[in-house]
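Heads up, work-v6.cif below (mmCIF, C-alpha atoms):
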```
data_input
loop_
_atom_site.group_PDB
_atom_site.id
_atom_site.type_symbol
_atom_site.label_atom_id
_atom_site.label_comp_id
_atom_site.auth_asym_id
_atom_site.auth_seq_id
_atom_site.Cartn_x
_atom_site.Cartn_y
_atom_site.Cartn_z
ATOM 1 C CA MET P 1 -11.681 346.189 103.089
ATOM 2 C CA ARG P 2 -8.965 344.272 101.223
ATOM 3 C CA ASN P 3 -9.247 340.732 99.888
ATOM 4 C CA LEU P 4 -5.866 339.002 100.104
ATOM 5 C CA LEU P 5 -4.971 335.704 98.449
ATOM 6 C CA PHE P 6 -2.199 333.668 100.073
ATOM 7 C CA GLN P 7 -0.271 330.720 98.655
ATOM 8 C CA ILE P 8 1.227 328.444 101.316
ATOM 9 C CA SER P 9 2.851 325.034 101.628
ATOM 10 C CA TYR P 10 2.756 322.690 104.597
ATOM 11 C CA ASP P 11 3.775 319.334 105.983
ATOM 12 C CA GLY P 12 0.576 317.952 107.474
ATOM 13 C CA THR P 13 2.247 315.398 109.767
ATOM 14 C CA ASN P 14 1.728 317.326 113.011
ATOM 15 C CA TYR P 15 -1.769 318.632 112.284
ATOM 16 C CA HIS P 16 -5.297 317.310 112.588
ATOM 17 C CA GLY P 17 -6.057 318.298 109.008
ATOM 18 C CA TYR P 18 -6.691 321.738 107.563
ATOM 19 C CA GLN P 19 -10.026 322.773 109.055
ATOM 20 C CA CYS P 20 -10.457 324.204 112.563
ATOM 21 C CA GLN P 21 -11.654 321.640 115.114
ATOM 22 C CA ASP P 22 -12.259 322.145 118.822
ATOM 23 C CA GLY P 23 -9.266 321.114 120.886
ATOM 24 C CA GLN P 24 -7.109 320.254 117.860
ATOM 25 C CA ILE P 25 -4.154 321.986 116.228
ATOM 26 C CA THR P 26 -4.912 322.449 112.524
ATOM 27 C CA ILE P 27 -3.451 324.347 109.603
ATOM 28 C CA GLN P 28 -6.350 326.824 109.665
ATOM 29 C CA SER P 29 -6.090 327.447 113.404
ATOM 30 C CA GLU P 30 -2.361 328.208 113.125
ATOM 31 C CA LEU P 31 -2.882 330.618 110.233
ATOM 32 C CA GLU P 32 -5.726 332.446 111.956
ATOM 33 C CA ARG P 33 -3.717 332.673 115.168
ATOM 34 C CA VAL P 34 -0.843 334.385 113.361
ATOM 35 C CA LEU P 35 -3.130 336.703 111.384
ATOM 36 C CA HIS P 36 -4.808 337.802 114.613
ATOM 37 C CA THR P 37 -1.406 338.584 116.104
ATOM 38 C CA LEU P 38 -0.478 340.723 113.101
ATOM 39 C CA THR P 39 -3.760 342.536 112.462
ATOM 40 C CA GLY P 40 -5.601 342.484 115.788
ATOM 41 C CA GLU P 41 -8.664 341.276 113.871
ATOM 42 C CA ASN P 42 -10.579 338.043 114.448
ATOM 43 C CA LEU P 43 -10.269 336.840 110.891
ATOM 44 C CA ARG P 44 -11.751 333.685 109.378
ATOM 45 C CA ILE P 45 -9.822 332.546 106.331
ATOM 46 C CA ILE P 46 -11.402 330.882 103.294
ATOM 47 C CA GLY P 47 -9.417 327.836 102.177
ATOM 48 C CA CYS P 48 -9.377 326.261 98.721
ATOM 49 C CA GLY P 49 -10.471 322.960 100.262
ATOM 50 C CA ARG P 50 -10.010 320.595 103.170
ATOM 51 C CA THR P 51 -7.134 318.194 103.663
ATOM 52 C CA ASP P 52 -7.205 315.337 106.144
ATOM 53 C CA ALA P 53 -4.802 314.755 109.014
ATOM 54 C CA GLY P 54 -1.365 313.831 107.675
ATOM 55 C CA VAL P 55 -1.956 315.172 104.153
ATOM 56 C CA HIS P 56 0.566 317.672 102.790
ATOM 57 C CA ALA P 57 0.310 320.632 100.394
ATOM 58 C CA LEU P 58 2.882 322.019 97.985
ATOM 59 C CA ARG P 59 0.593 324.895 96.958
ATOM 60 C CA TYR P 60 -2.470 325.605 99.051
ATOM 61 C CA TYR P 61 -4.473 328.825 98.695
ATOM 62 C CA PHE P 62 -6.666 330.810 101.036
ATOM 63 C CA ASN P 63 -8.150 334.288 100.935
ATOM 64 C CA VAL P 64 -9.094 336.615 103.749
ATOM 65 C CA HIS P 65 -10.855 339.974 104.012
ATOM 66 C CA THR P 66 -9.011 342.414 106.225
ATOM 67 C CA LYS P 67 -8.776 346.105 107.042
ATOM 68 C CA SER P 68 -5.051 345.802 107.721
ATOM 69 C CA PRO P 69 -2.785 348.157 105.692
ATOM 70 C CA ILE P 70 0.200 345.778 105.932
ATOM 71 C CA PRO P 71 1.752 345.420 102.436
ATOM 72 C CA CYS P 72 1.604 341.967 100.868
ATOM 73 C CA ASP P 73 5.348 341.385 100.933
ATOM 74 C CA ARG P 74 5.463 342.302 104.629
ATOM 75 C CA PHE P 75 2.631 339.875 105.346
ATOM 76 C CA VAL P 76 4.751 337.065 103.890
ATOM 77 C CA LEU P 77 7.813 337.949 105.969
ATOM 78 C CA ALA P 78 5.883 338.547 109.185
ATOM 79 C CA MET P 79 3.779 335.396 108.966
ATOM 80 C CA ASN P 80 6.796 333.200 108.244
ATOM 81 C CA SER P 81 8.509 334.610 111.322
ATOM 82 C CA LEU P 82 5.556 333.576 113.510
ATOM 83 C CA LEU P 83 4.409 330.308 111.940
ATOM 84 C CA PRO P 84 5.933 326.908 112.792
ATOM 85 C CA CYS P 85 8.554 325.768 110.289
ATOM 86 C CA ASP P 86 6.239 323.165 108.716
ATOM 87 C CA ILE P 87 3.877 325.873 107.414
ATOM 88 C CA THR P 88 5.334 328.378 104.954
ATOM 89 C CA VAL P 89 3.741 331.389 103.263
ATOM 90 C CA ARG P 90 4.990 331.556 99.687
ATOM 91 C CA GLU P 91 3.030 334.482 98.273
ATOM 92 C CA CYS P 92 0.402 337.114 99.040
ATOM 93 C CA LYS P 93 -1.477 339.324 96.599
ATOM 94 C CA GLU P 94 -4.608 341.451 96.459
ATOM 95 C CA VAL P 95 -7.567 340.047 94.526
ATOM 96 C CA PRO P 96 -11.071 341.345 93.691
ATOM 97 C CA ASN P 97 -13.530 341.400 96.589
ATOM 98 C CA ASP P 98 -15.688 338.691 95.031
ATOM 99 C CA PHE P 99 -12.788 336.216 94.734
ATOM 100 C CA HIS P 100 -13.415 333.029 96.747
ATOM 101 C CA ALA P 101 -10.579 330.534 97.214
ATOM 102 C CA ARG P 102 -12.938 327.564 97.489
ATOM 103 C CA PHE P 103 -15.438 328.309 94.724
ATOM 104 C CA SER P 104 -13.212 330.043 92.135
ATOM 105 C CA PRO P 105 -10.834 327.179 91.129
ATOM 106 C CA LYS P 106 -11.158 325.652 87.645
ATOM 107 C CA TYR P 107 -9.383 322.449 88.656
ATOM 108 C CA LYS P 108 -6.947 320.977 91.171
ATOM 109 C CA THR P 109 -4.026 318.581 90.978
ATOM 110 C CA TYR P 110 -3.052 316.038 93.617
ATOM 111 C CA VAL P 111 0.035 313.834 93.785
ATOM 112 C CA TYR P 112 0.367 310.555 95.675
ATOM 113 C CA LYS P 113 3.841 309.176 96.395
ATOM 114 C CA ILE P 114 4.622 305.486 96.911
ATOM 115 C CA LEU P 115 7.995 304.161 98.046
ATOM 116 C CA ASN P 116 8.100 300.793 96.284
ATOM 117 C CA GLN P 117 11.074 298.845 97.583
ATOM 118 C CA ARG P 118 11.880 295.984 99.935
ATOM 119 C CA ASN P 119 12.855 298.063 102.981
ATOM 120 C CA PRO P 120 11.431 301.354 104.340
ATOM 121 C CA GLU P 121 13.284 304.676 104.533
ATOM 122 C CA ALA P 122 13.128 306.565 107.828
ATOM 123 C CA LEU P 123 13.254 310.017 106.222
ATOM 124 C CA PHE P 124 10.242 309.238 104.021
ATOM 125 C CA CYS P 125 8.030 307.444 106.537
ATOM 126 C CA LYS P 126 5.617 310.395 106.869
ATOM 127 C CA ARG P 127 5.948 311.699 103.313
ATOM 128 C CA SER P 128 5.298 308.643 101.147
ATOM 129 C CA TYR P 129 3.462 305.323 101.392
ATOM 130 C CA PHE P 130 5.877 302.422 101.862
ATOM 131 C CA TYR P 131 4.736 299.450 99.794
ATOM 132 C CA PRO P 132 7.232 296.536 99.721
ATOM 133 C CA ILE P 133 5.496 294.345 97.099
ATOM 134 C CA PRO P 134 6.769 295.006 93.541
ATOM 135 C CA LEU P 135 4.266 296.920 91.410
ATOM 136 C CA ASP P 136 3.880 296.662 87.638
ATOM 137 C CA VAL P 137 3.881 300.346 86.697
ATOM 138 C CA LYS P 138 3.037 299.578 83.059
ATOM 139 C CA LYS P 139 -0.234 297.914 84.100
ATOM 140 C CA MET P 140 -1.051 300.871 86.340
ATOM 141 C CA GLN P 141 -0.350 303.297 83.489
ATOM 142 C CA ASP P 142 -2.560 301.331 81.079
ATOM 143 C CA ALA P 143 -5.468 301.500 83.542
ATOM 144 C CA CYS P 144 -5.409 305.306 83.795
ATOM 145 C CA SER P 145 -7.291 305.863 80.541
ATOM 146 C CA LEU P 146 -10.370 304.121 81.974
ATOM 147 C CA ILE P 147 -10.583 306.685 84.775
ATOM 148 C CA VAL P 148 -9.931 309.865 82.784
ATOM 149 C CA GLY P 149 -13.067 311.715 81.668
ATOM 150 C CA GLU P 150 -16.358 312.940 83.079
ATOM 151 C CA LYS P 151 -17.915 310.076 85.023
ATOM 152 C CA ASP P 152 -19.859 309.205 88.145
ATOM 153 C CA PHE P 153 -17.064 308.327 90.579
ATOM 154 C CA LYS P 154 -19.228 307.250 93.497
ATOM 155 C CA CYS P 155 -17.253 303.999 93.783
ATOM 156 C CA PHE P 156 -14.196 306.097 94.697
ATOM 157 C CA MET P 157 -15.904 308.062 97.501
ATOM 158 C CA ALA P 158 -15.624 307.184 101.183
ATOM 159 C CA SER P 159 -18.798 307.020 103.245
ATOM 160 C CA GLY P 160 -19.933 309.996 105.306
ATOM 161 C CA ALA P 161 -19.708 312.649 102.602
ATOM 162 C CA GLN P 162 -22.721 314.671 101.517
ATOM 163 C CA VAL P 163 -22.519 316.040 97.974
ATOM 164 C CA LYS P 164 -25.087 317.107 95.403
ATOM 165 C CA THR P 165 -23.509 314.974 92.696
ATOM 166 C CA THR P 166 -20.735 312.381 92.487
ATOM 167 C CA VAL P 167 -19.958 313.231 88.852
ATOM 168 C CA ARG P 168 -16.496 314.677 88.347
ATOM 169 C CA ASN P 169 -14.278 315.361 85.332
ATOM 170 C CA VAL P 170 -10.802 313.835 85.654
ATOM 171 C CA THR P 171 -8.679 315.632 83.076
ATOM 172 C CA GLU P 172 -5.355 313.905 83.746
ATOM 173 C CA LEU P 173 -4.138 310.760 85.503
ATOM 174 C CA THR P 174 -0.535 309.591 85.169
ATOM 175 C CA VAL P 175 1.715 307.067 86.884
ATOM 176 C CA THR P 176 5.485 307.564 86.733
ATOM 177 C CA LYS P 177 8.420 305.867 88.433
ATOM 178 C CA THR P 178 11.776 307.419 89.324
ATOM 179 C CA GLY P 179 14.118 305.044 91.095
ATOM 180 C CA ASN P 180 11.976 303.318 93.700
ATOM 181 C CA GLU P 181 9.416 306.130 93.990
ATOM 182 C CA ILE P 182 6.121 305.878 92.138
ATOM 183 C CA GLU P 183 4.163 309.102 91.666
ATOM 184 C CA ILE P 184 0.473 309.168 90.803
ATOM 185 C CA ARG P 185 -0.716 312.552 89.544
ATOM 186 C CA ILE P 186 -4.387 313.357 89.061
ATOM 187 C CA SER P 187 -6.174 316.536 87.974
ATOM 188 C CA ALA P 188 -9.930 317.141 88.092
ATOM 189 C CA ASN P 189 -12.528 319.875 88.377
ATOM 190 C CA GLY P 190 -13.331 318.536 91.829
ATOM 191 C CA PHE P 191 -12.703 315.579 94.107
ATOM 192 C CA LEU P 192 -14.920 313.400 96.270
ATOM 193 C CA TYR P 193 -14.004 312.486 99.846
ATOM 194 C CA ASN P 194 -10.890 310.236 99.740
ATOM 195 C CA MET P 195 -11.225 309.943 95.957
ATOM 196 C CA VAL P 196 -7.489 310.205 95.228
ATOM 197 C CA ARG P 197 -6.561 307.746 97.970
ATOM 198 C CA ILE P 198 -9.112 305.181 96.761
ATOM 199 C CA ILE P 199 -8.084 305.548 93.107
ATOM 200 C CA THR P 200 -4.483 305.032 94.226
ATOM 201 C CA GLY P 201 -5.457 301.920 96.196
ATOM 202 C CA THR P 202 -7.262 300.580 93.136
ATOM 203 C CA LEU P 203 -4.252 301.208 90.879
ATOM 204 C CA ILE P 204 -2.047 299.440 93.423
ATOM 205 C CA GLN P 205 -4.267 296.357 93.207
ATOM 206 C CA ILE P 206 -3.861 296.423 89.435
ATOM 207 C CA GLY P 207 -0.106 296.836 89.835
ATOM 208 C CA ASN P 208 0.218 293.888 92.217
ATOM 209 C CA GLY P 209 -1.917 291.610 90.032
ATOM 210 C CA LYS P 210 -4.932 291.319 92.336
ATOM 211 C CA MET P 211 -7.170 293.212 89.902
ATOM 212 C CA GLU P 212 -7.295 293.305 86.120
ATOM 213 C CA ARG P 213 -7.491 296.518 84.114
ATOM 214 C CA GLU P 214 -10.725 295.409 82.481
ATOM 215 C CA GLU P 215 -12.456 295.276 85.872
ATOM 216 C CA LEU P 216 -12.197 299.061 86.266
ATOM 217 C CA LYS P 217 -15.039 299.877 83.903
ATOM 218 C CA THR P 218 -17.370 297.515 85.769
ATOM 219 C CA ILE P 219 -16.262 298.951 89.120
ATOM 220 C CA ILE P 220 -17.002 302.530 88.038
ATOM 221 C CA GLU P 221 -20.372 301.522 86.594
ATOM 222 C CA SER P 222 -21.293 299.706 89.817
ATOM 223 C CA LYS P 223 -21.009 302.948 91.850
ATOM 224 C CA CYS P 224 -20.208 300.669 94.802
ATOM 225 C CA ARG P 225 -17.347 301.620 97.128
ATOM 226 C CA THR P 226 -16.651 298.003 98.160
ATOM 227 C CA ASP P 227 -15.860 297.056 94.553
ATOM 228 C CA ALA P 228 -12.908 299.470 94.385
ATOM 229 C CA GLY P 229 -9.503 299.179 96.043
ATOM 230 C CA MET P 230 -8.318 300.091 99.512
ATOM 231 C CA THR P 231 -8.019 303.623 100.871
ATOM 232 C CA VAL P 232 -4.275 304.213 101.101
ATOM 233 C CA PRO P 233 -2.855 306.178 104.078
ATOM 234 C CA PRO P 234 -2.953 310.006 104.028
ATOM 235 C CA HIS P 235 0.756 310.695 104.443
ATOM 236 C CA GLY P 236 1.584 309.953 100.783
ATOM 237 C CA LEU P 237 -0.906 312.540 99.521
ATOM 238 C CA TYR P 238 -0.014 316.084 98.443
ATOM 239 C CA LEU P 239 -2.209 318.881 97.140
ATOM 240 C CA TYR P 240 0.064 319.827 94.255
ATOM 241 C CA ASP P 241 -1.633 322.962 92.917
ATOM 242 C CA VAL P 242 -4.935 324.775 92.426
ATOM 243 C CA TYR P 243 -5.661 326.549 89.143
ATOM 244 C CA TYR P 244 -7.860 329.659 89.034
#
```
Take the structure from the file and write it as C-alpha cells.
Amino acid sequence: MRNLLFQISYDGTNYHGYQCQDGQITIQSELERVLHTLTGENLRIIGCGRTDAGVHALRYYFNVHTKSPIPCDRFVLAMNSLLPCDITVRECKEVPNDFHARFSPKYKTYVYKILNQRNPEALFCKRSYFYPIPLDVKKMQDACSLIVGEKDFKCFMASGAQVKTTVRNVTELTVTKTGNEIEIRISANGFLYNMVRIITGTLIQIGNGKMEREELKTIIESKCRTDAGMTVPPHGLYLYDVYY
C-alpha cells in the first residue's frame, strides 16, 4: 500500500466547498471520482482541511492510500486530463504510511483579497471582495500586532463549530496594498471556523474608521463574537499554503 501526497490548486467558485456532501459537487467528490477512474479503487482522500463554498486554494494538500502502481508523475498528467479546468494537480509524491495531511501540518497561511476602489471589476467579482469605501491601510497595519500571538480567539469564531479549545497561535498577520488591491495575509498553527473572514471584517472596520485599534484588545478578551467585525464573503479567501 502506497501513501501519496498531492498538491493541488482550485477556484472554488463552482463548488459547494471542499468536503463531500450528498447531492453537491465538491472539490473532494471531483478528486475521488477521478482517482476511482484511474485506479478502480473506491478511495477516500484525506484533506489538509475544509474550505467553504466559494473559497479558493493556491496550494491545497491531500494524501491517499492506494495499491495503484501508477508513477507519481503519471498521476499528475492523468488527473489533470480528467479534472475540470478549475482544479489542477500540481505535484504528487510518496510519503511515509503514517503521514496524515490534516494532522501533520505545523502551520497554514491564508490570504484575503479586497478590491478597494469606487467601481467593481467584472474579472475579479468571484476572486476578491469588492469594497468601495476607502480604507486606511496604515490603521489596519497598526492593528495587526494586537492579534499576533497565542491567544483565545473565540471572538473570531462563527457559531456552530465544535472544538476542544479556541486558543490558537497567530504567527504572522500583514496588510499590504498594491494599486487598488489590499491583501491580508495570516499564518497560524490552526484556524477556527470563519476566523480569517472575521478578522478581515474587523480590520475593515478599523480601516473605515468605525472601530479604533485600541478596541481590539477588549474584543479579544471578551471572547464574544458579536463584539468583533462582520464575516466577509468567502470569494476573497485563498488557502495560500500548508507547511509540514
Using 12 Å as the limit and counting only C-alpha atoms, can you tabulate each residue of region 92-156 of chain P that touches region 12-25 of chain P, with its shortest atom-to-atom distance in Å and the two atoms involved, as a Markdown table?
```
| residue | atom | partner | partner_atom | distance |
| --- | --- | --- | --- | --- |
| P:Phe124 | CA | P:Thr13 | CA | 11.6 |
| P:Cys125 | CA | P:Thr13 | CA | 10.4 |
| P:Lys126 | CA | P:Thr13 | CA | 6.7 |
| P:Arg127 | CA | P:Thr13 | CA | 8.3 |
| P:Ser128 | CA | P:Thr13 | CA | 11.4 |
```
Hits of the PyMOL selection byres ((chain P and resi 191) around 12) in this structure, as a PyMOL selection string: chain P and resi 49-51+107-110+150-154+156-158+161+163+165-171+186-190+192-199+239
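For the choices P:Gly201, P:Asn42, P:Asn97, P:Tyr129, the atom-to-atom distance to Asp227 (chain P) is smallest for P:Gly201 when using only C-alpha atoms.
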Which of P:Ile206, P:Cys48, P:Leu146, P:Ile182 sits closest to Phe130 (chain P) [using all atoms listed in the file]: P:Ile182
Residues within 9 Å of Pro105 (chain P), only C-alpha atoms, excluding chain neighbours under 4 positions, as a PyMOL selection string: chain P and resi 48+100-101+189+242-244
Proximity to Phe99 (chain P) - best of P:Val55, P:Val64, P:Leu216, P:Cys85, only C-alpha atoms: P:Val64
CA of Thr176 (chain P) to CA of Lys138 (chain P), straight-line distance in Å: 9.1 Å
Long-range neighbours of region 66-79 of chain P as a ChimeraX atom specification, 9 Å cut-off, all atoms listed in the file, 6 positions minimum in chain: /P:1-4,6,31,34-35,38-41,43,88-94
Nearest-residue call for Ile184 (chain P), choices P:Asp241, P:Val111, P:Asn208, P:Val137, using only C-alpha atoms: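 Residue with the minimum atom-to-atom distance to Ile184 (chain P): P:Val111.
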Gap from CA of Ser9 (chain P) to CA of Glu183 (chain P) - Å, one decimal: 18.8 Å
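The space separating CA of Met230 (chain P) from CA of Cys155 (chain P) comes to 11.3 Å.
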Spatial neighbours of Gln205 (chain P), max dist 10 Å, all atoms listed in the file, sep filter under 2 positions, as a ChimeraX atom specification: /P:135-136,140,199-203,207-213,228-230
Residue nearest Tyr112 (chain P) - candidates P:Tyr60, P:Arg225, P:Pro134, P:Glu181, atoms counted: all atoms listed in the file: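 That would be P:Glu181, the residue with the smallest distance to Tyr112 (chain P).
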Please rebuild region 201-223 of chain P with N, CA and C atoms and return the result as a PDB file, in the frame of the given file.
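What landed in part_5.pdb:
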```pdb
ATOM      1  N   GLY P 201      -5.351 303.294  95.697  1.00  0.00           N
ATOM      2  CA  GLY P 201      -5.457 301.920  96.196  1.00  0.00           C
ATOM      3  C   GLY P 201      -5.910 300.956  95.125  1.00  0.00           C
ATOM      4  N   THR P 202      -6.787 301.417  94.238  1.00  0.00           N
ATOM      5  CA  THR P 202      -7.262 300.580  93.136  1.00  0.00           C
ATOM      6  C   THR P 202      -6.151 300.336  92.121  1.00  0.00           C
ATOM      7  N   LEU P 203      -5.382 301.370  91.799  1.00  0.00           N
ATOM      8  CA  LEU P 203      -4.252 301.208  90.879  1.00  0.00           C
ATOM      9  C   LEU P 203      -3.182 300.284  91.466  1.00  0.00           C
ATOM     10  N   ILE P 204      -3.005 300.341  92.777  1.00  0.00           N
ATOM     11  CA  ILE P 204      -2.047 299.440  93.423  1.00  0.00           C
ATOM     12  C   ILE P 204      -2.488 297.990  93.243  1.00  0.00           C
ATOM     13  N   GLN P 205      -3.775 297.727  93.380  1.00  0.00           N
ATOM     14  CA  GLN P 205      -4.267 296.357  93.207  1.00  0.00           C
ATOM     15  C   GLN P 205      -4.089 295.870  91.770  1.00  0.00           C
ATOM     16  N   ILE P 206      -4.153 296.789  90.824  1.00  0.00           N
ATOM     17  CA  ILE P 206      -3.861 296.423  89.435  1.00  0.00           C
ATOM     18  C   ILE P 206      -2.367 296.161  89.278  1.00  0.00           C
ATOM     19  N   GLY P 207      -1.553 296.991  89.927  1.00  0.00           N
ATOM     20  CA  GLY P 207      -0.106 296.836  89.835  1.00  0.00           C
ATOM     21  C   GLY P 207       0.426 295.584  90.502  1.00  0.00           C
ATOM     22  N   ASN P 208      -0.265 295.114  91.543  1.00  0.00           N
ATOM     23  CA  ASN P 208       0.218 293.888  92.217  1.00  0.00           C
ATOM     24  C   ASN P 208      -0.463 292.620  91.701  1.00  0.00           C
ATOM     25  N   GLY P 209      -1.314 292.768  90.676  1.00  0.00           N
ATOM     26  CA  GLY P 209      -1.917 291.610  90.032  1.00  0.00           C
ATOM     27  C   GLY P 209      -3.189 291.095  90.660  1.00  0.00           C
ATOM     28  N   LYS P 210      -3.707 291.781  91.684  1.00  0.00           N
ATOM     29  CA  LYS P 210      -4.932 291.319  92.336  1.00  0.00           C
ATOM     30  C   LYS P 210      -6.201 291.796  91.625  1.00  0.00           C
ATOM     31  N   MET P 211      -6.031 292.698  90.663  1.00  0.00           N
ATOM     32  CA  MET P 211      -7.170 293.212  89.902  1.00  0.00           C
ATOM     33  C   MET P 211      -6.727 293.419  88.463  1.00  0.00           C
ATOM     34  N   GLU P 212      -7.598 293.116  87.534  1.00  0.00           N
ATOM     35  CA  GLU P 212      -7.295 293.305  86.120  1.00  0.00           C
ATOM     36  C   GLU P 212      -7.803 294.667  85.641  1.00  0.00           C
ATOM     37  N   ARG P 213      -7.122 295.217  84.667  1.00  0.00           N
ATOM     38  CA  ARG P 213      -7.491 296.518  84.114  1.00  0.00           C
ATOM     39  C   ARG P 213      -8.942 296.544  83.660  1.00  0.00           C
ATOM     40  N   GLU P 214      -9.383 295.468  83.046  1.00  0.00           N
ATOM     41  CA  GLU P 214     -10.725 295.409  82.481  1.00  0.00           C
ATOM     42  C   GLU P 214     -11.818 295.504  83.541  1.00  0.00           C
ATOM     43  N   GLU P 215     -11.472 295.213  84.794  1.00  0.00           N
ATOM     44  CA  GLU P 215     -12.456 295.276  85.872  1.00  0.00           C
ATOM     45  C   GLU P 215     -12.831 296.720  86.226  1.00  0.00           C
ATOM     46  N   LEU P 216     -11.982 297.666  85.873  1.00  0.00           N
ATOM     47  CA  LEU P 216     -12.197 299.061  86.266  1.00  0.00           C
ATOM     48  C   LEU P 216     -13.514 299.622  85.735  1.00  0.00           C
ATOM     49  N   LYS P 217     -13.810 299.345  84.488  1.00  0.00           N
ATOM     50  CA  LYS P 217     -15.039 299.877  83.903  1.00  0.00           C
ATOM     51  C   LYS P 217     -16.260 299.380  84.668  1.00  0.00           C
ATOM     52  N   THR P 218     -16.255 298.097  85.014  1.00  0.00           N
ATOM     53  CA  THR P 218     -17.370 297.515  85.769  1.00  0.00           C
ATOM     54  C   THR P 218     -17.461 298.123  87.159  1.00  0.00           C
ATOM     55  N   ILE P 219     -16.305 298.364  87.776  1.00  0.00           N
ATOM     56  CA  ILE P 219     -16.262 298.951  89.120  1.00  0.00           C
ATOM     57  C   ILE P 219     -16.861 300.352  89.109  1.00  0.00           C
ATOM     58  N   ILE P 220     -16.474 301.162  88.130  1.00  0.00           N
ATOM     59  CA  ILE P 220     -17.002 302.530  88.038  1.00  0.00           C
ATOM     60  C   ILE P 220     -18.506 302.503  87.793  1.00  0.00           C
ATOM     61  N   GLU P 221     -18.946 301.621  86.909  1.00  0.00           N
ATOM     62  CA  GLU P 221     -20.372 301.522  86.594  1.00  0.00           C
ATOM     63  C   GLU P 221     -21.190 301.027  87.782  1.00  0.00           C
ATOM     64  N   SER P 222     -20.581 300.246  88.659  1.00  0.00           N
ATOM     65  CA  SER P 222     -21.293 299.706  89.817  1.00  0.00           C
ATOM     66  C   SER P 222     -21.647 300.774  90.840  1.00  0.00           C
ATOM     67  N   LYS P 223     -20.837 301.868  90.880  1.00  0.00           N
ATOM     68  CA  LYS P 223     -21.009 302.948  91.850  1.00  0.00           C
ATOM     69  C   LYS P 223     -20.953 302.436  93.290  1.00  0.00           C
TER      70      LYS P 223
END
```
